[in-house]
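Trainee: Got a structure here, written out as structure tokens. Questions coming.
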Amino acid sequence: MLIAILCAGEDTARYELRGRLLPATHASVWLHGATAPFEDSTLAGEDGRFRFRGLPAGSYTLGAFVPGRGEVRRTIEVGPSHADARKRIDLTVELHDAEFESRDSLRRGTIVSAKELAIPDQAHREYEEAEKRLARRDVEGAAAHFERAVELAPQFSEAWNHLGTMAYQARDYVRAESCFRKALDADPNAFQPLVNLGGVSINLGKFADALQYNLYAALTRPNDALANSQLGMSYFYLDKLDLAQKYLTAAKRLDPAHFSHPQLMLAEIALRRQDRAAAADEMAEFLRYHPDSPEAGKIKAQLAQLRAQADPAQTFAATGMARTFSRTPELEPLEGDPYSVVRKDGRYYLQHRDREGHVQLNTVDAAIGSGRHLRLLLSRTAGGGWTELPLAWYEEDGGKYAAAPGFGFAADCLACHARQGGDHPAALGCASCHGTTGSGKPTQAVCLQCHSETSGPNSAHGAGALAEDRFELNSAGYRLLQSRCYQSAAGKLTCATCHPAHSFSKTPAEYRMVCRGCHAAVHDGAALDCIQCHMPKRQAQDAARTMATDHRIQRPL
């Protein structure tokens with residue numbers, strides 16, 4: 001998610017940044033590319049004003065060092081939404097005492113190790129030339145000079161850190177990790193390689209290591225937004241959502257526009273907790289600070305979808321579960337032999353022509369099934385009961401009619417596929433899960449009332465599933481209970497983990513995120529489709545021509 005957001009956009013324009021420090025003060029001001037190699041510095045005059053020219057669009061870290069007070073940092077966005085018609089961006093940086101590094105951090109920053117004192121002048125000249133190349137965006141030239149600097153002085157921590165940062169921005173995380181480790185070995189008290197090592201460890205899926213580095217970094221500099229954000233990410237990937245939320249929120253407070261985008265991970269935490277309103281607020285805040293992000297369009301669409309889902313009843317109405325019973329089904333017409341589906345006077349009929357040419361019409365009074373797999377056609381009997389008609393609609397191959405599977409008596413089907421309103425069954429609604437009072441949060445037991453091991457004496461659903469390893473159309477609930485993942489999760493894995501209330505569905509990436517909560521490093525963290533291999537679709541043994549997801553999570557053969 002973060003890598004996609006950090007990718008550079010298509011904007012090739014150059015912008016001018018005109019800044020001012022308040023209260024006005026002399027300061028050394030530097031600008032560091034957050035997503036692409038770049039570094040430049042200037043001085044703010046007595047009026048606190050400074051300027052950078054020729055900046056491509058993107059995220060930057062702006063730092064200001066005020067003698068006697070320390071250094072403050074914050075993320076700034078350069079792009080068309082922040083610029084005037086002449087591509088100029090005016091920025092005011094308010095300096096607050098609480099945002100400066102602590103006195104201890106300042107003191108540690110003035111300590112020069114013996115290793116640093118031993119760095120030869122030539123290595124320093126190579127380092128200075130590399131910085132000049134970065135200011136001109138000569139990445140290859142800068143890298144060559146940094147490499148020369150560490151050849152002359154292997155203990156040159158800052159040069160190693162620069163090489164690691166450039167490798168990280170090129171997504172060469174193995175190389176970046178190696179450089180950051182060498183920087184930290186050269187100077188164990190250096191903060192930048194420490195926090196950078198915490199970041200690259202997240203990208204390498206080494207979440208336990210990342211936690212240790214980022215925890216130490218946050219303790220060293222409690223007011224550093226990057227340290228707090230990465231600590232929150234570490235806790236997130238270790239499935240400690242409360243701590244993740246704490247530190248991501250702290251990062252957002254310290255630097256609301258930070259290039260690590262804590263709002264997006266906070267939105268993911270909110271979605272896992274089924275709090276769509278909180279997730280929407282986080283996405284809206286992200287767009288406020290990053291309107292020119294390459295992912296802004298996609299996030300706007302997700303935000304609109306979340307806003308539309310604010311009404312649980314409306315969200316539920318769009319699901320297959322809400323359509324599993326219909327008194328007025330819309331059917332495809334069929335001209336066939338011996339069966340046809342015809343429409344007369346606003347109603348549908350199943351027409352049967354026998355071998356002698358006699359025609360029998362059965363009214364289609366209702367249908368069971370959302371249509372994702374199949375729809376069973378029902379007819380009302382003279383005695384007020386229901387009977388299953390011999391023709392059904394199957395979704396396979398774009399949809400077609402074929403012989404009904406013959407599950408059993410329609411009354412048994414209606415026990416789960418419809419709610420009972422006296423003698424008139426109706427589509428499932430809020431009361432189906434919440435009860436007539438609508439109070440309380442349903443538990444997994446509500447799901448298992450219908451997605452159960454057995455569905456009644458006259459139904460094939462679940463018959464002998466445990467002993468014979470049968471796989472039926474209604475198998476999701478009891479197949480999940482057989483999964484090793486479920487049995488080892490100590491209650492953390494339930495139906496709602498993957499099927500959130502009211503909507504019941506996630507995107508493939510969101511399903512993968514659920515799996516990554518426990519299996520973070522499997523397949524080296526690759527963005528694979530976990531479900532395709534570990535929960536494949538199979539032919540239901542009790543419903544011909546019907547494929548369904550096998551919820552018994554297992555290793556693929």
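Identifiers in the structure tokens: chain A, B, ... in order shown; residue index from 1 per chain; ligand index from 1 in order shown.
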Give the alpha helix (DSSP H) residues of segment 143-252 of chain A, as assigned by DSSP on the backbone, as an MDAnalysis selection string.
Mentor: chainID A and resid 143:152 157:169 173:186 191:203 207:220 225:237 241:252
Trainee: Can you pull out the residues contacting Leu231 of chain A? Cut-off 8 Å, using only C-alpha atoms, and skip same-chain residues under 2 positions away; I want them as a PDB file with all heavy atoms, in the first residue's frame.
Mentor:
ATOM      1  N   ALA A 210      12.061  -5.025  13.051  1.00  0.00           N
ATOM      2  CA  ALA A 210      11.587  -3.654  12.860  1.00  0.00           C
ATOM      3  C   ALA A 210      11.056  -3.075  14.163  1.00  0.00           C
ATOM      4  O   ALA A 210      11.290  -1.897  14.479  1.00  0.00           O
ATOM      5  CB  ALA A 210      10.499  -3.626  11.789  1.00  0.00           C
ATOM      6  N   LEU A 211      10.356  -3.890  14.929  1.00  0.00           N
ATOM      7  CA  LEU A 211       9.808  -3.405  16.204  1.00  0.00           C
ATOM      8  C   LEU A 211      10.929  -2.944  17.127  1.00  0.00           C
ATOM      9  O   LEU A 211      10.830  -1.877  17.756  1.00  0.00           O
ATOM     10  CB  LEU A 211       8.993  -4.520  16.870  1.00  0.00           C
ATOM     11  CG  LEU A 211       8.426  -4.178  18.251  1.00  0.00           C
ATOM     12  CD1 LEU A 211       7.451  -3.017  18.160  1.00  0.00           C
ATOM     13  CD2 LEU A 211       7.741  -5.396  18.861  1.00  0.00           C
ATOM     14  N   ASN A 214      12.564   0.376  15.703  1.00  0.00           N
ATOM     15  CA  ASN A 214      11.660   1.524  15.760  1.00  0.00           C
ATOM     16  C   ASN A 214      11.298   1.896  17.184  1.00  0.00           C
ATOM     17  O   ASN A 214      11.086   3.080  17.481  1.00  0.00           O
ATOM     18  CB  ASN A 214      10.402   1.229  14.936  1.00  0.00           C
ATOM     19  CG  ASN A 214      10.686   1.186  13.454  1.00  0.00           C
ATOM     20  OD1 ASN A 214      11.403   2.034  12.923  1.00  0.00           O
ATOM     21  ND2 ASN A 214      10.144   0.188  12.756  1.00  0.00           N
ATOM     22  N   LEU A 215      11.231   0.904  18.072  1.00  0.00           N
ATOM     23  CA  LEU A 215      10.966   1.203  19.474  1.00  0.00           C
ATOM     24  C   LEU A 215      12.116   2.009  20.066  1.00  0.00           C
ATOM     25  O   LEU A 215      11.900   3.013  20.768  1.00  0.00           O
ATOM     26  CB  LEU A 215      10.759  -0.095  20.253  1.00  0.00           C
ATOM     27  CG  LEU A 215      10.381   0.041  21.734  1.00  0.00           C
ATOM     28  CD1 LEU A 215       9.091   0.825  21.893  1.00  0.00           C
ATOM     29  CD2 LEU A 215      10.242  -1.337  22.377  1.00  0.00           C
ATOM     30  N   ALA A 218      12.014   5.552  18.629  1.00  0.00           N
ATOM     31  CA  ALA A 218      10.974   6.393  19.226  1.00  0.00           C
ATOM     32  C   ALA A 218      11.336   6.792  20.652  1.00  0.00           C
ATOM     33  O   ALA A 218      10.989   7.893  21.107  1.00  0.00           O
ATOM     34  CB  ALA A 218       9.644   5.655  19.201  1.00  0.00           C
ATOM     35  N   ALA A 227       9.818   7.879  13.297  1.00  0.00           N
ATOM     36  CA  ALA A 227       9.998   6.821  14.292  1.00  0.00           C
ATOM     37  C   ALA A 227       8.650   6.345  14.835  1.00  0.00           C
ATOM     38  O   ALA A 227       8.405   5.138  14.973  1.00  0.00           O
ATOM     39  CB  ALA A 227      10.888   7.314  15.429  1.00  0.00           C
ATOM     40  N   ASN A 228       7.760   7.279  15.139  1.00  0.00           N
ATOM     41  CA  ASN A 228       6.443   6.907  15.648  1.00  0.00           C
ATOM     42  C   ASN A 228       5.616   6.180  14.598  1.00  0.00           C
ATOM     43  O   ASN A 228       4.933   5.197  14.891  1.00  0.00           O
ATOM     44  CB  ASN A 228       5.705   8.149  16.139  1.00  0.00           C
ATOM     45  CG  ASN A 228       6.140   8.580  17.523  1.00  0.00           C
ATOM     46  OD1 ASN A 228       5.648   8.077  18.523  1.00  0.00           O
ATOM     47  ND2 ASN A 228       7.085   9.512  17.572  1.00  0.00           N
ATOM     48  N   SER A 229       5.672   6.667  13.352  1.00  0.00           N
ATOM     49  CA  SER A 229       4.888   6.039  12.290  1.00  0.00           C
ATOM     50  C   SER A 229       5.357   4.609  12.049  1.00  0.00           C
ATOM     51  O   SER A 229       4.551   3.675  11.952  1.00  0.00           O
ATOM     52  CB  SER A 229       4.992   6.859  11.007  1.00  0.00           C
ATOM     53  OG  SER A 229       4.178   6.317   9.989  1.00  0.00           O
ATOM     54  N   MET A 233       3.528   0.997  12.424  1.00  0.00           N
ATOM     55  CA  MET A 233       3.473  -0.018  11.371  1.00  0.00           C
ATOM     56  C   MET A 233       3.959  -1.372  11.887  1.00  0.00           C
ATOM     57  O   MET A 233       3.380  -2.416  11.558  1.00  0.00           O
ATOM     58  CB  MET A 233       4.326   0.406  10.184  1.00  0.00           C
ATOM     59  CG  MET A 233       3.832   1.623   9.447  1.00  0.00           C
ATOM     60  SD  MET A 233       4.967   2.029   8.085  1.00  0.00           S
ATOM     61  CE  MET A 233       4.432   3.689   7.726  1.00  0.00           C
ATOM     62  N   SER A 234       5.034  -1.362  12.662  1.00  0.00           N
ATOM     63  CA  SER A 234       5.574  -2.616  13.205  1.00  0.00           C
ATOM     64  C   SER A 234       4.526  -3.318  14.045  1.00  0.00           C
ATOM     65  O   SER A 234       4.308  -4.537  13.913  1.00  0.00           O
ATOM     66  CB  SER A 234       6.823  -2.333  14.036  1.00  0.00           C
ATOM     67  OG  SER A 234       7.816  -1.676  13.284  1.00  0.00           O
ATOM     68  N   TYR A 235       3.860  -2.573  14.911  1.00  0.00           N
ATOM     69  CA  TYR A 235       2.808  -3.171  15.739  1.00  0.00           C
ATOM     70  C   TYR A 235       1.643  -3.647  14.876  1.00  0.00           C
ATOM     71  O   TYR A 235       1.028  -4.688  15.157  1.00  0.00           O
ATOM     72  CB  TYR A 235       2.319  -2.164  16.772  1.00  0.00           C
ATOM     73  CG  TYR A 235       3.218  -2.045  17.990  1.00  0.00           C
ATOM     74  CD1 TYR A 235       3.736  -0.819  18.385  1.00  0.00           C
ATOM     75  CD2 TYR A 235       3.541  -3.171  18.746  1.00  0.00           C
ATOM     76  CE1 TYR A 235       4.561  -0.702  19.505  1.00  0.00           C
ATOM     77  CE2 TYR A 235       4.364  -3.062  19.863  1.00  0.00           C
ATOM     78  CZ  TYR A 235       4.867  -1.829  20.233  1.00  0.00           C
ATOM     79  OH  TYR A 235       5.678  -1.731  21.331  1.00  0.00           O
ATOM     80  N   ALA A 244      -0.548  -0.089  17.534  1.00  0.00           N
ATOM     81  CA  ALA A 244      -0.355   0.486  16.208  1.00  0.00           C
ATOM     82  C   ALA A 244      -1.102   1.808  16.092  1.00  0.00           C
ATOM     83  O   ALA A 244      -0.558   2.813  15.616  1.00  0.00           O
ATOM     84  CB  ALA A 244      -0.824  -0.491  15.139  1.00  0.00           C
ATOM     85  N   TYR A 247       0.657   4.805  18.097  1.00  0.00           N
ATOM     86  CA  TYR A 247       1.849   5.455  17.550  1.00  0.00           C
ATOM     87  C   TYR A 247       1.590   6.070  16.172  1.00  0.00           C
ATOM     88  O   TYR A 247       2.202   7.089  15.824  1.00  0.00           O
ATOM     89  CB  TYR A 247       3.009   4.465  17.508  1.00  0.00           C
ATOM     90  CG  TYR A 247       3.526   4.166  18.902  1.00  0.00           C
ATOM     91  CD1 TYR A 247       3.168   2.992  19.570  1.00  0.00           C
ATOM     92  CD2 TYR A 247       4.325   5.088  19.570  1.00  0.00           C
ATOM     93  CE1 TYR A 247       3.618   2.736  20.855  1.00  0.00           C
ATOM     94  CE2 TYR A 247       4.777   4.838  20.864  1.00  0.00           C
ATOM     95  CZ  TYR A 247       4.425   3.664  21.498  1.00  0.00           C
ATOM     96  OH  TYR A 247       4.862   3.423  22.775  1.00  0.00           O
ATOM     97  N   LEU A 248       0.709   5.485  15.391  1.00  0.00           N
ATOM     98  CA  LEU A 248       0.343   6.113  14.120  1.00  0.00           C
ATOM     99  C   LEU A 248      -0.376   7.435  14.361  1.00  0.00           C
ATOM    100  O   LEU A 248      -0.179   8.411  13.629  1.00  0.00           O
ATOM    101  CB  LEU A 248      -0.521   5.170  13.296  1.00  0.00           C
ATOM    102  CG  LEU A 248       0.197   3.949  12.718  1.00  0.00           C
ATOM    103  CD1 LEU A 248      -0.817   2.907  12.251  1.00  0.00           C
ATOM    104  CD2 LEU A 248       1.114   4.353  11.571  1.00  0.00           C
TER     105      LEU A 248
END
Trainee: Determine, using only C-alpha atoms, which residues of segment 300-342 of chain A have any atom at most 8 Å from an atom of segment 352-362 of chain A, and tabulate each with its shortest atom pair and distance in Å to one decimal place, rows ordered by chain and then rising number, as CSV.
Mentor:
residue,atom,partner,partner_atom,distance
A:Asp337,CA,A:Arg353,CA,7.1
A:Pro338,CA,A:Arg353,CA,5.1
A:Tyr339,CA,A:His352,CA,4.8
A:Ser340,CA,A:His352,CA,6.7
Trainee: Report the distance between atom CA of Ala85 of chain A and atom CA of Gly45 of chain A in Å, rounded to one decimal place.
Mentor: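 Between atom CA of Ala85 of chain A and atom CA of Gly45 of chain A the gap is 26.5 Å.
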Trainee: Pick out the residues sitting within 9 Å of Gly54 of chain A, and hand them over as a list in words; count only C-alpha atoms, and ignore anything fewer than 2 positions along from it in its own chain.
Mentor: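 Residues near the query, excluding close chain neighbours: Ala13, Arg14, Tyr15, Glu16, Leu17, Phe52 and Pro56 of chain A.
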